[in-house]
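File shown: input17.cif (mmCIF, C-alpha atoms).
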data_work
loop_
_atom_site.label_atom_id
_atom_site.label_comp_id
_atom_site.auth_asym_id
_atom_site.auth_seq_id
_atom_site.Cartn_x
_atom_site.Cartn_y
_atom_site.Cartn_z
CA MET A 1 -19.88 -19.51 -15.75
CA GLY A 2 -18.59 -18.94 -12.25
CA LEU A 3 -15.12 -19.21 -10.86
CA SER A 4 -12.82 -21.98 -11.95
CA ALA A 5 -9.18 -22.85 -11.54
CA ASN A 6 -7.41 -25.15 -13.96
CA GLY A 7 -4.22 -27.04 -13.13
CA LEU A 8 -2.76 -24.58 -10.63
CA LEU A 9 0.86 -25.37 -9.93
CA LEU A 10 2.85 -23.48 -7.30
CA PHE A 11 6.25 -24.07 -5.77
CA ARG A 12 7.60 -22.41 -2.66
CA GLY A 13 11.31 -23.18 -2.57
CA ASP A 14 11.67 -26.90 -3.34
CA ARG A 15 8.25 -27.71 -2.03
CA CYS A 16 5.32 -28.24 -4.35
CA LEU A 17 2.57 -26.39 -2.46
CA LEU A 18 -0.16 -26.85 -5.05
CA ASN A 19 0.04 -29.70 -7.53
CA GLU A 20 -2.34 -29.39 -10.47
CA VAL A 21 -5.19 -28.05 -8.35
CA SER A 22 -8.44 -27.54 -10.22
CA LEU A 23 -11.79 -26.43 -8.89
CA ARG A 24 -15.05 -24.97 -10.07
CA VAL A 25 -17.64 -22.98 -8.14
CA SER A 26 -20.86 -21.78 -9.78
CA PRO A 27 -22.85 -18.67 -8.87
CA GLY A 28 -25.19 -19.44 -5.99
CA ALA A 29 -22.83 -22.09 -4.64
CA GLY A 30 -20.26 -21.97 -1.92
CA MET A 31 -17.15 -23.94 -1.09
CA VAL A 32 -15.47 -24.60 2.23
CA LEU A 33 -11.75 -25.13 2.01
CA ARG A 34 -10.33 -27.37 4.71
CA GLY A 35 -6.92 -28.72 5.40
CA PRO A 36 -4.25 -28.97 8.09
CA ASN A 37 -2.15 -25.93 9.04
CA GLY A 38 0.44 -25.15 6.43
CA SER A 39 -1.35 -27.07 3.69
CA GLY A 40 -1.61 -23.98 1.50
CA LYS A 41 -5.21 -22.86 2.02
CA THR A 42 -4.31 -19.19 2.28
CA THR A 43 -2.01 -19.47 -0.73
CA LEU A 44 -4.76 -21.07 -2.79
CA LEU A 45 -7.18 -18.30 -1.81
CA ARG A 46 -4.61 -15.64 -2.70
CA LEU A 47 -4.12 -17.33 -6.06
CA LEU A 48 -7.86 -17.24 -6.65
CA CYS A 49 -7.90 -13.51 -5.80
CA GLY A 50 -5.03 -12.83 -8.17
CA LEU A 51 -2.67 -11.63 -5.43
CA THR A 52 -0.28 -14.50 -6.11
CA LEU A 53 0.43 -15.81 -9.59
CA PRO A 54 0.67 -19.56 -10.26
CA GLU A 55 3.69 -21.17 -11.89
CA GLU A 56 1.30 -22.86 -14.28
CA GLY A 57 -2.44 -22.94 -14.72
CA GLU A 58 -5.03 -20.22 -14.69
CA VAL A 59 -7.90 -18.85 -12.64
CA CYS A 60 -10.93 -18.02 -14.74
CA TRP A 61 -14.00 -15.92 -14.05
CA ASP A 62 -16.86 -16.44 -16.50
CA GLY A 63 -14.56 -18.39 -18.75
CA SER A 64 -11.66 -16.01 -19.18
CA ASP A 65 -8.43 -15.61 -17.25
CA ILE A 66 -8.70 -13.07 -14.39
CA ARG A 67 -5.34 -11.59 -15.39
CA LEU A 68 -6.86 -10.53 -18.71
CA GLN A 69 -9.84 -8.81 -17.07
CA ARG A 70 -8.31 -7.38 -13.91
CA ASP A 71 -10.66 -4.36 -13.69
CA ASN A 72 -13.77 -6.43 -14.10
CA TRP A 73 -12.53 -9.14 -11.73
CA GLN A 74 -11.58 -6.73 -8.99
CA ARG A 75 -15.02 -5.14 -9.16
CA THR A 76 -16.46 -8.65 -8.76
CA LEU A 77 -14.32 -9.72 -5.82
CA ALA A 78 -14.40 -8.99 -2.10
CA TRP A 79 -11.50 -10.45 -0.11
CA ALA A 80 -11.00 -10.73 3.63
CA GLY A 81 -7.61 -12.16 4.49
CA HIS A 82 -5.78 -12.95 7.72
CA LYS A 83 -4.76 -9.34 8.18
CA ALA A 84 -7.70 -7.09 8.93
CA GLY A 85 -6.73 -4.46 6.37
CA LEU A 86 -7.82 -1.67 8.71
CA LYS A 87 -5.81 1.52 8.98
CA SER A 88 -5.00 1.78 12.65
CA GLU A 89 -5.32 5.57 12.98
CA LEU A 90 -8.70 5.80 11.23
CA THR A 91 -11.98 5.02 12.98
CA VAL A 92 -13.98 1.95 11.95
CA HIS A 93 -16.49 4.14 10.14
CA GLU A 94 -13.75 6.02 8.29
CA ASN A 95 -12.17 2.69 7.35
CA LEU A 96 -15.46 1.37 5.96
CA ALA A 97 -16.15 4.62 4.09
CA TYR A 98 -12.63 4.46 2.63
CA SER A 99 -13.11 0.86 1.45
CA ALA A 100 -16.49 1.77 -0.03
CA ALA A 101 -14.96 4.66 -1.95
CA LEU A 102 -12.14 2.49 -3.30
CA GLY A 103 -14.54 -0.32 -4.10
CA GLY A 104 -16.82 2.10 -5.93
CA TYR A 105 -20.01 1.47 -3.93
CA ALA A 106 -22.05 3.71 -1.62
CA LEU A 107 -21.66 2.82 2.06
CA PRO A 108 -25.04 1.60 3.35
CA ASP A 109 -26.17 2.02 6.96
CA ILE A 110 -24.15 -0.28 9.19
CA PRO A 111 -26.49 -3.08 10.38
CA ALA A 112 -26.79 -3.39 14.15
CA GLU A 113 -26.18 -7.17 13.92
CA LEU A 114 -22.56 -6.43 12.99
CA GLY A 115 -22.14 -5.41 16.63
CA LEU A 116 -19.97 -2.45 15.71
CA GLY A 117 -22.34 0.18 17.12
CA ASP A 118 -20.15 1.02 20.11
CA CYS A 119 -16.85 1.13 18.30
CA LEU A 120 -17.73 2.77 14.97
CA HIS A 121 -16.04 5.97 16.05
CA LEU A 122 -13.02 4.43 17.76
CA PRO A 123 -9.67 4.19 15.97
CA ALA A 124 -9.10 0.68 14.64
CA ARG A 125 -5.95 0.20 16.73
CA VAL A 126 -7.91 0.04 20.02
CA LEU A 127 -10.32 -2.67 18.86
CA SER A 128 -10.30 -6.20 20.26
CA ALA A 129 -9.40 -9.06 17.90
CA GLY A 130 -13.04 -9.97 17.49
CA GLN A 131 -14.08 -6.40 16.75
CA GLN A 132 -11.28 -6.14 14.19
CA ARG A 133 -12.52 -9.33 12.53
CA ARG A 134 -16.06 -7.95 12.48
CA SER A 135 -14.87 -4.68 10.91
CA SER A 136 -12.85 -6.48 8.30
CA LEU A 137 -15.80 -8.77 7.47
CA ALA A 138 -18.13 -5.76 7.39
CA ARG A 139 -16.18 -4.52 4.39
CA VAL A 140 -17.05 -7.72 2.52
CA LEU A 141 -20.62 -8.00 3.81
CA LEU A 142 -21.51 -4.40 2.89
CA SER A 143 -19.97 -4.55 -0.59
CA LYS A 144 -22.18 -5.61 -3.43
CA ALA A 145 -19.46 -7.88 -4.79
CA PRO A 146 -20.77 -11.18 -6.22
CA VAL A 147 -17.68 -13.17 -5.21
CA TRP A 148 -16.60 -13.43 -1.57
CA ILE A 149 -13.29 -15.05 -0.70
CA LEU A 150 -12.84 -15.31 3.07
CA ASP A 151 -9.79 -16.69 4.84
CA GLU A 152 -10.83 -18.22 8.18
CA PRO A 153 -13.58 -15.65 8.80
CA TYR A 154 -14.87 -17.40 11.94
CA THR A 155 -11.65 -16.85 13.90
CA ASN A 156 -12.17 -14.65 16.97
CA LEU A 157 -15.91 -14.26 16.33
CA ASP A 158 -18.40 -14.96 19.14
CA THR A 159 -21.42 -17.22 18.45
CA GLN A 160 -23.68 -14.29 17.62
CA GLY A 161 -21.07 -13.05 15.12
CA GLN A 162 -20.73 -16.51 13.57
CA ASP A 163 -24.51 -16.81 13.23
CA TYR A 164 -24.72 -13.39 11.63
CA LEU A 165 -21.92 -14.27 9.18
CA ASN A 166 -23.76 -17.49 8.31
CA SER A 167 -27.00 -15.63 7.69
CA CYS A 168 -25.16 -13.17 5.44
CA LEU A 169 -23.48 -16.04 3.59
CA SER A 170 -26.74 -17.88 3.01
CA ARG A 171 -28.45 -14.71 1.79
CA HIS A 172 -25.47 -13.99 -0.46
CA LEU A 173 -25.69 -17.49 -1.99
CA ARG A 174 -29.45 -17.28 -2.36
CA ASP A 175 -29.03 -14.01 -4.27
CA GLY A 176 -26.77 -15.77 -6.76
CA GLY A 177 -23.47 -14.85 -5.14
CA LEU A 178 -20.49 -17.13 -4.82
CA ALA A 179 -18.36 -17.74 -1.75
CA ILE A 180 -15.15 -19.56 -0.95
CA VAL A 181 -14.38 -19.87 2.74
CA ALA A 182 -11.37 -21.39 4.45
CA SER A 183 -12.38 -22.81 7.81
CA HIS A 184 -11.28 -25.31 10.45
CA GLY A 185 -14.33 -25.68 12.65
CA ASP A 186 -17.97 -26.51 12.07
CA ALA A 187 -19.27 -22.97 12.39
CA HIS A 188 -20.56 -23.12 8.82
CA ALA A 189 -22.46 -26.36 9.43
CA GLY A 190 -25.88 -24.79 8.79
CA LEU A 191 -24.95 -23.79 5.26
CA SER A 192 -25.02 -26.16 2.32
CA LEU A 193 -21.45 -25.65 1.17
CA GLN A 194 -19.34 -28.04 -0.82
CA GLU A 195 -16.46 -29.29 1.33
CA CYS A 196 -13.01 -29.60 -0.20
CA THR A 197 -9.84 -30.63 1.57
CA LEU A 198 -6.38 -29.49 0.61
CA ASN A 199 -3.63 -31.85 1.64
CA ARG A 200 -0.11 -32.33 0.30
CA GLY A 201 -0.85 -30.14 -2.70
CA GLN A 202 -3.94 -32.09 -3.73
CA LEU A 203 -7.50 -30.83 -3.50
CA GLN A 204 -10.18 -33.42 -2.81
CA CYS A 205 -13.84 -32.48 -3.02
CA MET M 206 -12.70 8.25 -11.12
CA LEU M 207 -11.42 11.25 -9.16
CA GLY M 208 -13.68 10.63 -6.15
CA PRO M 209 -11.89 7.52 -4.85
CA LEU M 210 -8.47 9.11 -5.42
CA TRP M 211 -9.53 12.18 -3.45
CA ILE M 212 -10.75 9.99 -0.56
CA LEU M 213 -7.47 8.07 -0.66
CA LEU M 214 -5.51 11.34 -0.39
CA LYS M 215 -7.75 12.52 2.45
CA CYS M 216 -7.32 9.27 4.40
CA GLU M 217 -3.56 9.31 3.91
CA MET M 218 -3.33 12.87 5.23
CA GLN M 219 -5.72 12.19 8.12
CA GLN M 220 -3.73 9.17 9.21
CA SER M 221 -0.40 10.90 9.29
CA PHE M 222 -1.70 13.97 11.11
CA ARG M 223 -3.09 11.71 13.82
CA ARG M 224 0.40 10.25 14.13
CA TRP M 225 2.23 13.53 13.81
CA SER M 226 5.24 12.42 15.84
CA ASP M 227 6.34 10.31 12.86
CA LEU M 228 6.41 13.44 10.73
CA ILE M 229 8.76 15.27 13.05
CA SER M 230 11.80 12.99 13.18
CA PRO M 231 12.94 13.37 9.52
CA LEU M 232 12.68 17.14 9.89
CA VAL M 233 14.72 17.15 13.09
CA PHE M 234 17.22 14.87 11.35
CA PHE M 235 17.50 17.35 8.46
CA VAL M 236 18.11 20.31 10.74
CA VAL M 237 20.58 18.48 12.99
CA VAL M 238 22.62 16.96 10.15
CA SER M 239 22.89 20.25 8.31
CA SER M 240 23.94 22.09 11.45
CA LEU M 241 26.66 19.51 12.22
CA PHE M 242 28.66 20.35 9.08
CA PRO M 243 29.57 23.94 10.02
CA LEU M 244 30.73 22.59 13.40
CA ALA M 245 32.85 19.85 11.86
CA ILE M 246 34.29 21.62 8.78
CA SER M 247 34.88 25.28 9.50
CA PRO M 248 32.82 28.25 10.63
CA SER M 249 34.35 30.48 7.93
CA PRO M 250 31.57 31.98 5.72
CA ASP M 251 33.59 31.44 2.51
CA VAL M 252 33.93 27.70 3.14
CA LEU M 253 30.27 27.39 4.19
CA ARG M 254 29.01 29.14 1.06
CA GLU M 255 31.18 26.71 -0.94
CA VAL M 256 29.86 23.49 0.65
CA GLY M 257 26.37 24.72 1.61
CA PRO M 258 24.37 23.72 -1.49
CA GLY M 259 25.83 20.20 -1.61
CA VAL M 260 25.45 19.61 2.12
CA LEU M 261 21.84 20.80 2.17
CA TRP M 262 20.93 18.62 -0.79
CA VAL M 263 22.56 15.54 0.76
CA ALA M 264 20.87 16.24 4.10
CA ALA M 265 17.48 16.55 2.37
CA LEU M 266 18.10 13.31 0.47
CA LEU M 267 19.02 11.44 3.67
CA ALA M 268 15.99 12.85 5.49
CA LEU M 269 13.79 11.57 2.64
CA LEU M 270 15.48 8.19 2.80
CA LEU M 271 14.73 8.01 6.52
CA SER M 272 11.01 8.44 5.99
CA MET M 273 10.70 6.62 2.65
CA ASN M 274 10.89 3.20 4.29
CA ARG M 275 7.47 3.70 5.83
CA LEU M 276 5.69 4.64 2.60
CA PHE M 277 4.16 1.17 2.07
CA ARG M 278 5.36 -0.63 5.21
CA ASP M 279 2.37 0.12 7.47
CA ASP M 280 -0.09 -0.74 4.72
CA PHE M 281 1.76 -3.99 4.11
CA ASP M 282 1.74 -4.93 7.79
CA ASP M 283 -1.94 -4.21 8.44
CA GLY M 284 -3.16 -5.78 5.19
CA SER M 285 -4.58 -2.64 3.61
CA LEU M 286 -2.02 -2.95 0.81
CA GLU M 287 -3.75 -6.16 -0.33
CA GLN M 288 -7.04 -4.30 -0.36
CA LEU M 289 -5.47 -1.43 -2.31
CA VAL M 290 -4.03 -3.78 -4.94
CA LEU M 291 -7.38 -5.57 -5.26
CA ALA M 292 -9.44 -2.36 -5.44
CA PRO M 293 -11.13 -1.79 -8.80
CA GLN M 294 -9.21 1.44 -9.46
CA PRO M 295 -6.02 1.80 -11.52
CA LEU M 296 -3.20 0.90 -9.12
CA ALA M 297 -0.72 3.24 -10.86
CA LEU M 298 -2.95 6.23 -10.12
CA MET M 299 -3.51 5.15 -6.53
CA VAL M 300 0.22 4.83 -5.83
CA LEU M 301 0.72 8.23 -7.44
CA VAL M 302 -1.76 9.64 -4.91
CA LYS M 303 0.11 7.91 -2.10
CA VAL M 304 3.39 9.45 -3.25
CA LEU M 305 1.69 12.84 -3.51
CA ALA M 306 0.45 12.47 0.07
CA TYR M 307 3.96 11.50 1.16
CA TRP M 308 5.40 14.56 -0.61
CA LEU M 309 2.88 16.86 1.07
CA GLN M 310 3.53 15.38 4.52
CA MET M 311 7.29 14.96 4.43
CA VAL M 312 8.84 17.11 1.73
CA LEU M 313 6.78 20.27 1.95
CA PRO M 314 7.62 20.90 5.64
CA LEU M 315 11.27 20.23 4.79
CA LEU M 316 11.13 22.87 2.05
CA LEU M 317 9.66 25.34 4.54
CA LEU M 318 12.56 24.70 6.92
CA THR M 319 15.23 25.01 4.24
CA PRO M 320 15.55 28.84 4.16
CA ALA M 321 16.20 28.91 7.91
CA VAL M 322 18.93 26.29 7.59
CA ALA M 323 20.39 27.93 4.47
CA ILE M 324 20.92 31.19 6.37
CA ALA M 325 23.30 29.30 8.64
CA TYR M 326 25.44 28.65 5.55
CA ASP M 327 25.51 32.36 4.66
CA LEU M 328 23.87 31.69 1.29
CA PRO M 329 22.76 34.88 -0.48
CA ASN M 330 19.01 35.36 -0.92
CA ALA M 331 19.15 34.64 -4.65
CA ALA M 332 20.85 31.31 -3.94
CA ILE M 333 18.26 30.39 -1.28
CA GLU M 334 15.52 30.99 -3.84
CA VAL M 335 17.26 28.75 -6.36
CA LEU M 336 17.89 26.12 -3.67
CA LEU M 337 14.17 26.07 -2.86
CA LEU M 338 13.26 25.94 -6.53
CA SER M 339 15.71 23.10 -7.16
CA LEU M 340 14.30 21.14 -4.21
CA LEU M 341 10.78 21.82 -5.45
CA LEU M 342 11.68 20.49 -8.89
CA GLY M 343 13.91 17.63 -7.76
CA THR M 344 12.08 16.10 -4.79
CA PRO M 345 9.14 14.75 -6.85
CA ALA M 346 11.63 12.64 -8.81
CA LEU M 347 13.35 11.53 -5.58
CA SER M 348 10.01 10.61 -3.98
CA LEU M 349 8.90 8.62 -7.02
CA LEU M 350 12.22 6.79 -7.37
CA GLY M 351 12.15 6.14 -3.63
CA ALA M 352 8.64 4.75 -3.96
CA ILE M 353 9.86 2.15 -6.49
CA SER M 354 12.56 1.09 -4.06
CA ALA M 355 10.13 1.10 -1.13
CA ALA M 356 7.66 -1.00 -3.11
CA LEU M 357 10.37 -3.51 -4.04
CA THR M 358 11.62 -3.86 -0.46
CA VAL M 359 8.34 -3.71 1.45
CA GLY M 360 8.16 -7.46 1.97
CA LEU M 361 11.77 -7.83 3.11
CA ARG M 362 12.98 -7.93 6.68
CA GLN M 363 16.09 -5.83 5.97
CA GLY M 364 14.11 -3.51 3.72
CA ALA M 365 15.49 -0.21 5.00
CA GLY M 366 19.12 -1.02 4.19
CA ILE M 367 18.35 -2.38 0.74
CA LEU M 368 16.16 0.63 0.06
CA ALA M 369 19.13 2.92 0.64
CA ILE M 370 21.35 0.82 -1.64
CA LEU M 371 18.70 0.91 -4.39
CA LEU M 372 17.71 4.55 -4.09
CA LEU M 373 21.00 6.39 -3.56
CA PRO M 374 22.58 5.50 -6.94
CA LEU M 375 19.34 6.41 -8.71
CA SER M 376 19.26 9.79 -7.01
CA ILE M 377 22.72 10.88 -8.23
CA PRO M 378 21.53 12.88 -11.31
CA VAL M 379 19.00 14.79 -9.22
CA LEU M 380 21.64 15.49 -6.57
CA ILE M 381 24.16 16.75 -9.15
CA PHE M 382 21.76 19.09 -10.94
CA GLY M 383 20.15 20.28 -7.71
CA SER M 384 23.34 21.28 -5.93
CA ARG M 385 24.91 22.54 -9.17
CA ALA M 386 22.02 24.96 -9.73
CA THR M 387 22.44 26.39 -6.22
CA ASP M 388 26.22 26.56 -6.70
CA LEU M 389 25.75 28.61 -9.87
CA ALA M 390 23.35 30.93 -8.05
CA VAL M 391 25.93 31.50 -5.29
CA ASP M 392 28.41 32.57 -8.00
CA GLY M 393 25.74 34.78 -9.60
CA MET M 394 25.50 32.82 -12.86
CA SER M 395 22.52 31.60 -14.87
CA THR M 396 20.81 28.60 -13.29
CA SER M 397 18.20 27.74 -15.89
CA GLY M 398 20.10 24.77 -17.37
CA PRO M 399 20.23 22.51 -14.32
CA LEU M 400 16.77 23.63 -13.15
CA LEU M 401 15.22 22.70 -16.49
CA LEU M 402 16.99 19.34 -16.39
CA LEU M 403 15.64 18.74 -12.85
CA GLY M 404 12.14 19.55 -14.05
CA ALA M 405 12.58 17.19 -16.99
CA ILE M 406 13.73 14.35 -14.71
CA SER M 407 10.71 14.88 -12.46
CA LEU M 408 8.30 14.92 -15.39
CA LEU M 409 9.84 11.75 -16.78
CA ALA M 410 9.59 10.11 -13.35
CA LEU M 411 6.00 11.29 -12.98
CA SER M 412 4.95 9.68 -16.25
CA LEU M 413 6.84 6.37 -15.98
CA THR M 414 7.42 5.41 -12.34
CA PRO M 415 3.75 4.91 -11.26
CA PHE M 416 3.60 1.82 -13.47
CA ALA M 417 6.89 0.54 -12.06
CA ILE M 418 5.71 1.17 -8.48
CA ALA M 419 2.44 -0.67 -9.16
CA ALA M 420 4.28 -3.63 -10.70
CA ALA M 421 6.77 -3.70 -7.82
CA LEU M 422 3.93 -3.78 -5.27
CA ARG M 423 2.31 -6.72 -7.05
CA VAL M 424 5.62 -8.58 -6.97
CA SER M 425 6.10 -7.81 -3.28
CA LEU M 426 2.65 -9.17 -2.41
CA ASP M 427 3.09 -12.34 -4.49
#

Could I get this structure in the form of structure tokens?
Amino acid sequence: MGLSANGLLLFRGDRCLLNEVSLRVSPGAGMVLRGPNGSGKTTLLRLLCGLTLPEEGEVCWDGSDIRLQRDNWQRTLAWAGHKAGLKSELTVHENLAYSAALGGYALPDIPAELGLGDCLHLPARVLSAGQQRRSSLARVLLSKAPVWILDEPYTNLDTQGQDYLNSCLSRHLRDGGLAIVASHGDAHAGLSLQECTLNRGQLQC
Amino acid sequence: MLGPLWILLKCEMQQSFRRWSDLISPLVFFVVVSSLFPLAISPSPDVLREVGPGVLWVAALLALLLSMNRLFRDDFDDGSLEQLVLAPQPLALMVLVKVLAYWLQMVLPLLLLTPAVAIAYDLPNAAIEVLLLSLLLGTPALSLLGAISAALTVGLRQGAGILAILLLPLSIPVLIFGSRATDLAVDGMSTSGPLLLLGAISLLALSLTPFAIAAALRVSLD
């Protein structure tokens, strides 16, 4: 059960970015991915999502390869990457409604703690970096997806935003969800997440 | 199933109407290029009727090429392409909707402008009708083939140039049948052959290219 990766191997040019990386995260558990800049954290997360394919190895959800159950896996997954994924001409609310429609879930009321109340009806291009991050995280937080994969979600967030994200993460884990978070700081310190460090292609937990 | 696709179409249209200035430049390009030829070649009506169909088809193709580059580029840059690829809907259908939105925004206005430009080439009314019909039948194939090229080049820095190199050879059959049909109409002959072939090419493109576009997008995001 859960999400596992077995022997992921990935080259970029001559460089071995991931060397036989394996990991396992069970439902209800979370993992923090650490590592110096350029160590391949984002690449590993993209591999886990299925955006990038490994040279060798496989990513499995509930025991079978995600490539063989793409529909099911993509219903299970919510991903927030570096890029906000907001359409600049649409308002925040339109963006969230659009993501909800594509994700196949009904858009709930936007919680006030997200701090988007003032900018819900502004086009995404005028938002500050922090507001963009909040909007892009809102897409994950409002989805009912059991697996959250977040790439440096704490970047640009103020302390209130970080606390709110932490409370959402802990509720998500308590409800049997699963989360993998790449992070540099200690903003996640209150959560009981397994810490893994990626360095020179090796993952140490 | 249809709900999400409808919302996708709505969002695509909304976005481009809010940035309407991007819609104008290919149309202006089309009008300007096709009005340069009479100035450069000869103002004689006989010559213009001779070259008109070919020139208008090439101008339409180049105008499409100009706008095609942006089909997936913005989505790639702002990250919404990743979200689209990871959405739990069939990617082939979603890219088909995106191409449909592109066709409605870019090609339909161009078709509406065509009669006005065709008058400048002294084309008879029957030929203008056939020209419109041939564009109507041929541009879906061009848009879909262009979408494959746009999907393949979306991650590249010199994408626009490579897109032209990929798309133009693929568009040759459409160009030949399209301008040939109009040529035949100018001479008052039957045009059904090339028009049917154009329709067949578009149907073939409609059924096969969405899968190629989806695969190309996955490769570009890898």

Give me the chain A side of the contact with chain M, cut-off 6 Å, one line per residue showing its nearest atom pair and distance in Å at one decimal, counting only C-alpha atoms, sorted by chain and residue number, as CSV.
residue,atom,partner,partner_atom,distance
A:Leu51,CA,M:Asp427,CA,5.9
A:Thr52,CA,M:Asp427,CA,4.3
A:Asp71,CA,M:Pro293,CA,5.5
A:Gln74,CA,M:Pro293,CA,5.0
A:Arg75,CA,M:Pro293,CA,5.1
A:Lys83,CA,M:Gly284,CA,4.9
A:Gly85,CA,M:Ser285,CA,3.9
A:Glu89,CA,M:Gln220,CA,5.4
A:Ala101,CA,M:Pro209,CA,5.1
A:Leu102,CA,M:Pro209,CA,5.3
A:Gly103,CA,M:Ala292,CA,5.7

Determine the residue set returned by the PyMOL selection byres ((chain M and resi 383) around 12) for the present structure, and present it as a VMD selection string. chain M and resid 258 to 263 265 to 266 332 335 to 344 346 to 347 376 to 382 384 to 390 396 to 404 406 to 407

Å distance separating atom CA of M:Ser239 from atom CA of M:Ala369, one decimal place: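 Taking atom CA of M:Ser239 and atom CA of M:Ala369, their separation equals 19.3 Å.
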
May I ask for the distance between atom CA of A:His172 and atom CA of A:Pro146, given in Å to one decimal place?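 Interatomic distance, atom CA of A:His172 to atom CA of A:Pro146: 7.9 Å.
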
Taking the file above as input, evaluate the PyMOL selection byres ((chain M and resi 307) around 9) and report the hits as a list in words. Glu217, Met218, Met273, Leu276, Val302, Lys303, Val304, Leu305, Ala306, Trp308, Leu309, Gln310, Met311, Val312 and Ser348 of chain M

Identify, on the basis of all atoms listed in the file, every residue whose closest approach to A:Gly177 does not exceed 7 Å; exclude the query and any residue fewer than 6 positions from it along the same chain; express the result as a list in words. Pro27, Gly28, Pro146 and Val147 of chain A

With only C-alpha atoms as the atoms that count, which of A:Leu137, A:Leu23, A:Leu173, A:Leu120 lies nearest to A:Glu152? A:Leu137

Here atom CA of M:Val391 and atom CA of M:Leu270 stand apart by 26.8 Å

Restricting the calculation to all atoms listed in the file: of A:Gly185, A:Gly176, A:Gly130, A:Gly201, which residue gets closest to A:Asn156? A:Gly130

List as a VMD selection string the residues having at least one atom at most 9 Å from position (-18.5, 3.5, 7.6) as given in the file, counting all atoms listed in the file. chain A and resid 91 to 100 107 to 110 120 139

When the PyMOL selection byres ((chain M and resi 355) around 9) is applied to the file above, which residues end up in the set, as a ChimeraX atom specification? /M:273-278,350-354,356-359,364-365,368,372,418,421-422

Neighbouring residues of A:Leu198 were defined as those with any atom within 9 Å, considering all atoms listed in the file; residues of the same chain fewer than 2 positions away were excluded. Please report them as a count of residues only. 15

Using only C-alpha atoms, which residues sit within 6 Å of M:Ala297 once same-chain residues fewer than 4 positions away are excluded, as a list in words?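 Listed by chain and then number, they are Pro415, Phe416 and Ala419 of chain M.
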
How would the residues just chosen look if you wrote them out with C-alpha atoms as a PDB file, in the coordinates of the input?
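Here's the written file selection.pdb:
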ATOM      1  CA  PRO M 415       3.750   4.910 -11.260  1.00  0.00           C
ATOM      2  CA  PHE M 416       3.600   1.820 -13.470  1.00  0.00           C
ATOM      3  CA  ALA M 419       2.440  -0.670  -9.160  1.00  0.00           C
TER       4      ALA M 419
END

A:Thr42 environment, 9 Å, all atoms listed in the file, sequence neighbours closer than 5 positions dropped, as number ranges by chain: A: 47, 81-82, 151-152, 182

Neighbours of A:Gln131 within 9 Å (all atoms listed in the file; same-chain residues fewer than 2 positions away dropped), as a count of residues only? 13

Name the closest residue to A:Leu45 among the candidates A:Val126, A:Ala29, A:Ala5, A:Leu114; distances are taken between atoms, counting all atoms listed in the file.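 Closest candidate: A:Ala5.
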